[in-house]
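Scroll down for the structure; my scribbles are underneath it.
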Amino acid sequence: MFVQTVDYCSAAAPARFVDSLRQSGFAVLVRHPLPTRLIETIYRDWLDFFATGDKADFRFDPARQDGWFPAEVSETAKGKQQRDLKEFYHVYPWGRIPPALRLDALSYHGVANALAAELLGWIEAALPSEVAQDLSEPLSGMIKGSPNTLLRVLRYPPLRGDEPAGALRAAEHEDINLITLLPSASGPGLEVRDRTGQWHAVPYESGALVVNVGDMLQEATGGWLPSTPHRVVNPEGEWAQSSRISLPLFLHPRGEVVLSARHSAASYLDERLRELGIRT
Ligand SMILES: O=C(O)CCC(=O)C(=O)O
Ligand SMILES: [Fe+2]
């Protein structure tokens, strides 16, 4: 298996987790401490919000980037022409959140941040000394108190068959941030590309947690950990009839954190947002 499934509770978990990240940029954690019931509630409530909520009142703010991004303005992945087949909502603790959804979203943001800090500690402990010594500060410290960490609630609508040729739920891309925590979505479709260009489905297991390396961690480790291209493919059969909800938490360093000789977190993010057409 290209992406390993790791039992969070096992003694070997930290080593196996980092091994999988090093090999594929991804790992799947089972028996992790994130509350599955809370995640299920969030999926159900936000599905409802996307279907019937007053989402137009929460249209995204182009400068602050919080709020609802309709499908018509959805991301175009770096180097791609087609828009992704998705709508999404950017939750920041300081940003606008629909009041009925606020408590659960912030509660999840809190527990997932704490787990992310622990996982960054596992990664840091496994770094070879020549990589560790170049870090400007401990990895878990880079995200502490960061206003940039983003909880994204994504809805991929059912497929109607009239989608533009070549359009995917999410086109191939890399995440820009340090690491991403992605609880199992409400349906399959996530795929990861290996170095030979072959695509591998990420094992789909409900209740599991997918973790992946982003460009900022690749940058901070001088490439010791790879940020791996991934995508969400359009399903066939029954899965095509229903929406797919997912809830990635993108762990971002504070803007002033130095990642490498060429980039701070802020300068790296700015470059990417321009490439994505989100910032002009
Ligand atoms: O929905 C998913 O499973 C993955 C989403 C993703 O890769 C992203 O939003 O960066
Ligand atoms: Fe992603």
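Each chain in the structure tokens gets a letter, A, B and so on, in the order shown; residues start at 1 in every chain, and ligands are counted from 1 in the order they appear.
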Do you have, as JSON lines, the list of residues of chain A lying at most 10 Å from ligand 1, each with its nearest atom pair and that distance in Å to one decimal, counting only C-alpha atoms and all ligand atoms and ordered by chain then number?
```
{"residue": "A:Glu75", "atom": "CA", "partner": "ligand 1", "partner_atom_place_in_ligand_line": "9 (O)", "distance": 9.5}
{"residue": "A:Ala77", "atom": "CA", "partner": "ligand 1", "partner_atom_place_in_ligand_line": "10 (O)", "distance": 9.6}
{"residue": "A:Lys86", "atom": "CA", "partner": "ligand 1", "partner_atom_place_in_ligand_line": "1 (O)", "distance": 9.2}
{"residue": "A:Phe88", "atom": "CA", "partner": "ligand 1", "partner_atom_place_in_ligand_line": "9 (O)", "distance": 8.9}
{"residue": "A:Leu151", "atom": "CA", "partner": "ligand 1", "partner_atom_place_in_ligand_line": "9 (O)", "distance": 9.8}
{"residue": "A:Arg152", "atom": "CA", "partner": "ligand 1", "partner_atom_place_in_ligand_line": "9 (O)", "distance": 7.2}
{"residue": "A:Val153", "atom": "CA", "partner": "ligand 1", "partner_atom_place_in_ligand_line": "9 (O)", "distance": 8.6}
{"residue": "A:Leu154", "atom": "CA", "partner": "ligand 1", "partner_atom_place_in_ligand_line": "1 (O)", "distance": 6.6}
{"residue": "A:Arg155", "atom": "CA", "partner": "ligand 1", "partner_atom_place_in_ligand_line": "1 (O)", "distance": 8.1}
{"residue": "A:Tyr156", "atom": "CA", "partner": "ligand 1", "partner_atom_place_in_ligand_line": "1 (O)", "distance": 8.0}
{"residue": "A:Arg169", "atom": "CA", "partner": "ligand 1", "partner_atom_place_in_ligand_line": "1 (O)", "distance": 8.2}
{"residue": "A:Ala170", "atom": "CA", "partner": "ligand 1", "partner_atom_place_in_ligand_line": "5 (C)", "distance": 6.8}
{"residue": "A:Ala171", "atom": "CA", "partner": "ligand 1", "partner_atom_place_in_ligand_line": "7 (O)", "distance": 8.8}
{"residue": "A:Glu172", "atom": "CA", "partner": "ligand 1", "partner_atom_place_in_ligand_line": "7 (O)", "distance": 8.4}
{"residue": "A:His173", "atom": "CA", "partner": "ligand 1", "partner_atom_place_in_ligand_line": "10 (O)", "distance": 7.4}
{"residue": "A:Glu174", "atom": "CA", "partner": "ligand 1", "partner_atom_place_in_ligand_line": "10 (O)", "distance": 7.2}
{"residue": "A:Asp175", "atom": "CA", "partner": "ligand 1", "partner_atom_place_in_ligand_line": "10 (O)", "distance": 5.6}
{"residue": "A:Ile176", "atom": "CA", "partner": "ligand 1", "partner_atom_place_in_ligand_line": "10 (O)", "distance": 8.7}
{"residue": "A:Asn177", "atom": "CA", "partner": "ligand 1", "partner_atom_place_in_ligand_line": "10 (O)", "distance": 9.8}
{"residue": "A:Thr180", "atom": "CA", "partner": "ligand 1", "partner_atom_place_in_ligand_line": "10 (O)", "distance": 8.2}
{"residue": "A:Leu181", "atom": "CA", "partner": "ligand 1", "partner_atom_place_in_ligand_line": "4 (C)", "distance": 9.9}
{"residue": "A:Leu182", "atom": "CA", "partner": "ligand 1", "partner_atom_place_in_ligand_line": "3 (O)", "distance": 7.0}
{"residue": "A:Pro183", "atom": "CA", "partner": "ligand 1", "partner_atom_place_in_ligand_line": "3 (O)", "distance": 8.4}
{"residue": "A:Ser184", "atom": "CA", "partner": "ligand 1", "partner_atom_place_in_ligand_line": "3 (O)", "distance": 7.4}
{"residue": "A:Ala185", "atom": "CA", "partner": "ligand 1", "partner_atom_place_in_ligand_line": "3 (O)", "distance": 5.9}
{"residue": "A:Ser186", "atom": "CA", "partner": "ligand 1", "partner_atom_place_in_ligand_line": "3 (O)", "distance": 8.9}
{"residue": "A:Gly187", "atom": "CA", "partner": "ligand 1", "partner_atom_place_in_ligand_line": "3 (O)", "distance": 8.5}
{"residue": "A:Pro188", "atom": "CA", "partner": "ligand 1", "partner_atom_place_in_ligand_line": "3 (O)", "distance": 7.8}
{"residue": "A:Gly189", "atom": "CA", "partner": "ligand 1", "partner_atom_place_in_ligand_line": "3 (O)", "distance": 7.0}
{"residue": "A:Leu190", "atom": "CA", "partner": "ligand 1", "partner_atom_place_in_ligand_line": "3 (O)", "distance": 5.1}
{"residue": "A:Glu191", "atom": "CA", "partner": "ligand 1", "partner_atom_place_in_ligand_line": "3 (O)", "distance": 8.5}
{"residue": "A:Val192", "atom": "CA", "partner": "ligand 1", "partner_atom_place_in_ligand_line": "7 (O)", "distance": 9.7}
{"residue": "A:Val202", "atom": "CA", "partner": "ligand 1", "partner_atom_place_in_ligand_line": "3 (O)", "distance": 9.4}
{"residue": "A:Val210", "atom": "CA", "partner": "ligand 1", "partner_atom_place_in_ligand_line": "3 (O)", "distance": 8.9}
{"residue": "A:Asn212", "atom": "CA", "partner": "ligand 1", "partner_atom_place_in_ligand_line": "7 (O)", "distance": 9.3}
{"residue": "A:Gly214", "atom": "CA", "partner": "ligand 1", "partner_atom_place_in_ligand_line": "10 (O)", "distance": 9.6}
{"residue": "A:Pro229", "atom": "CA", "partner": "ligand 1", "partner_atom_place_in_ligand_line": "7 (O)", "distance": 8.9}
{"residue": "A:His230", "atom": "CA", "partner": "ligand 1", "partner_atom_place_in_ligand_line": "7 (O)", "distance": 6.4}
{"residue": "A:Arg231", "atom": "CA", "partner": "ligand 1", "partner_atom_place_in_ligand_line": "7 (O)", "distance": 6.1}
{"residue": "A:Val232", "atom": "CA", "partner": "ligand 1", "partner_atom_place_in_ligand_line": "2 (C)", "distance": 6.0}
{"residue": "A:Val233", "atom": "CA", "partner": "ligand 1", "partner_atom_place_in_ligand_line": "3 (O)", "distance": 9.4}
{"residue": "A:Arg244", "atom": "CA", "partner": "ligand 1", "partner_atom_place_in_ligand_line": "1 (O)", "distance": 7.8}
{"residue": "A:Ile245", "atom": "CA", "partner": "ligand 1", "partner_atom_place_in_ligand_line": "1 (O)", "distance": 7.0}
{"residue": "A:Ser246", "atom": "CA", "partner": "ligand 1", "partner_atom_place_in_ligand_line": "1 (O)", "distance": 4.9}
{"residue": "A:Leu247", "atom": "CA", "partner": "ligand 1", "partner_atom_place_in_ligand_line": "1 (O)", "distance": 7.1}
{"residue": "A:Pro248", "atom": "CA", "partner": "ligand 1", "partner_atom_place_in_ligand_line": "9 (O)", "distance": 6.3}
{"residue": "A:Leu249", "atom": "CA", "partner": "ligand 1", "partner_atom_place_in_ligand_line": "9 (O)", "distance": 8.9}
{"residue": "A:Phe250", "atom": "CA", "partner": "ligand 1", "partner_atom_place_in_ligand_line": "10 (O)", "distance": 8.2}
```
Export C-alpha atoms of the chosen residues as a PDB file, in the first residue's frame?
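File result-v4.pdb, as written:
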```pdb
ATOM      1  CA  GLU A  75     -10.881  27.243  -7.079  1.00  0.00           C
ATOM      2  CA  ALA A  77      -6.034  24.402  -9.167  1.00  0.00           C
ATOM      3  CA  LYS A  86     -17.404  22.093  -5.421  1.00  0.00           C
ATOM      4  CA  PHE A  88     -17.009  25.451   0.256  1.00  0.00           C
ATOM      5  CA  LEU A 151     -11.126  24.817   8.612  1.00  0.00           C
ATOM      6  CA  ARG A 152     -12.742  24.281   5.221  1.00  0.00           C
ATOM      7  CA  VAL A 153     -16.135  22.664   4.862  1.00  0.00           C
ATOM      8  CA  LEU A 154     -16.488  21.326   1.332  1.00  0.00           C
ATOM      9  CA  ARG A 155     -19.530  20.127  -0.531  1.00  0.00           C
ATOM     10  CA  TYR A 156     -19.146  18.342  -3.847  1.00  0.00           C
ATOM     11  CA  ARG A 169     -14.524  17.373  -7.941  1.00  0.00           C
ATOM     12  CA  ALA A 170     -11.021  18.540  -7.046  1.00  0.00           C
ATOM     13  CA  ALA A 171      -8.298  18.700  -9.687  1.00  0.00           C
ATOM     14  CA  GLU A 172      -4.786  17.567  -8.885  1.00  0.00           C
ATOM     15  CA  HIS A 173      -3.125  19.932  -6.424  1.00  0.00           C
ATOM     16  CA  GLU A 174      -0.825  20.125  -3.443  1.00  0.00           C
ATOM     17  CA  ASP A 175      -1.789  21.731  -0.159  1.00  0.00           C
ATOM     18  CA  ILE A 176       0.193  24.880   0.628  1.00  0.00           C
ATOM     19  CA  ASN A 177       0.149  24.596   4.456  1.00  0.00           C
ATOM     20  CA  THR A 180      -3.662  18.827   6.679  1.00  0.00           C
ATOM     21  CA  LEU A 181      -5.997  16.812   8.906  1.00  0.00           C
ATOM     22  CA  LEU A 182      -8.776  15.336   6.797  1.00  0.00           C
ATOM     23  CA  PRO A 183     -11.379  13.131   8.482  1.00  0.00           C
ATOM     24  CA  SER A 184     -12.855  10.502   6.168  1.00  0.00           C
ATOM     25  CA  ALA A 185     -15.217  12.295   3.831  1.00  0.00           C
ATOM     26  CA  SER A 186     -18.817  11.214   3.397  1.00  0.00           C
ATOM     27  CA  GLY A 187     -17.772   9.275   0.278  1.00  0.00           C
ATOM     28  CA  PRO A 188     -14.691   7.925  -1.521  1.00  0.00           C
ATOM     29  CA  GLY A 189     -12.755   9.604  -4.315  1.00  0.00           C
ATOM     30  CA  LEU A 190      -9.519  10.882  -2.784  1.00  0.00           C
ATOM     31  CA  GLU A 191      -6.469   9.797  -4.772  1.00  0.00           C
ATOM     32  CA  VAL A 192      -2.745  10.386  -4.345  1.00  0.00           C
ATOM     33  CA  VAL A 202      -6.494   6.588  -0.325  1.00  0.00           C
ATOM     34  CA  VAL A 210      -6.158  11.195   6.652  1.00  0.00           C
ATOM     35  CA  ASN A 212      -0.943  14.820   4.607  1.00  0.00           C
ATOM     36  CA  GLY A 214       1.776  20.352   2.563  1.00  0.00           C
ATOM     37  CA  PRO A 229      -0.279  15.829  -5.451  1.00  0.00           C
ATOM     38  CA  HIS A 230      -3.786  14.592  -4.764  1.00  0.00           C
ATOM     39  CA  ARG A 231      -7.261  14.969  -6.258  1.00  0.00           C
ATOM     40  CA  VAL A 232     -10.883  14.004  -5.757  1.00  0.00           C
ATOM     41  CA  VAL A 233     -12.233  12.047  -8.729  1.00  0.00           C
ATOM     42  CA  ARG A 244     -19.771  14.455  -0.782  1.00  0.00           C
ATOM     43  CA  ILE A 245     -18.839  16.452   2.314  1.00  0.00           C
ATOM     44  CA  SER A 246     -15.300  16.799   3.627  1.00  0.00           C
ATOM     45  CA  LEU A 247     -13.676  18.818   6.373  1.00  0.00           C
ATOM     46  CA  PRO A 248      -9.977  19.489   5.915  1.00  0.00           C
ATOM     47  CA  LEU A 249      -8.165  21.483   8.593  1.00  0.00           C
ATOM     48  CA  PHE A 250      -5.185  23.223   7.013  1.00  0.00           C
TER      49      PHE A 250
END
```
Subject >> Residue neighbourhood Ala125 in chain A, 12 Å, only C-alpha atoms, exclusion window fewer than 6 positions, as an MDAnalysis selection string >> reply: chainID A and resid 14:15 17:18 118:119 131:133 138:140
**OP:** Could you tell me which of A:Ala71, A:Leu225, A:Leu135, A:Leu251 comes closest to Asn113 in chain A if we count only C-alpha atoms?
**Re:**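 Looking at the shortest contact to Asn113 in chain A, the residue is A:Leu251.
For Phe26 in chain A, the residues within 8 Å (counting only C-alpha atoms, excluding itself and residues fewer than 2 positions away along the chain) are A:Val3, A:Gln4, A:Ser20, A:Leu21, A:Gln23, A:Ser24, A:Val28, A:Val210, A:Val211, A:Asn212, A:Val213, A:Thr228.
Taking only C-alpha atoms and all ligand atoms into account, ligand 2 lies nearest to A:Leu178 out of the set A:Asp7, A:Arg31, A:Ala167, A:Leu178.
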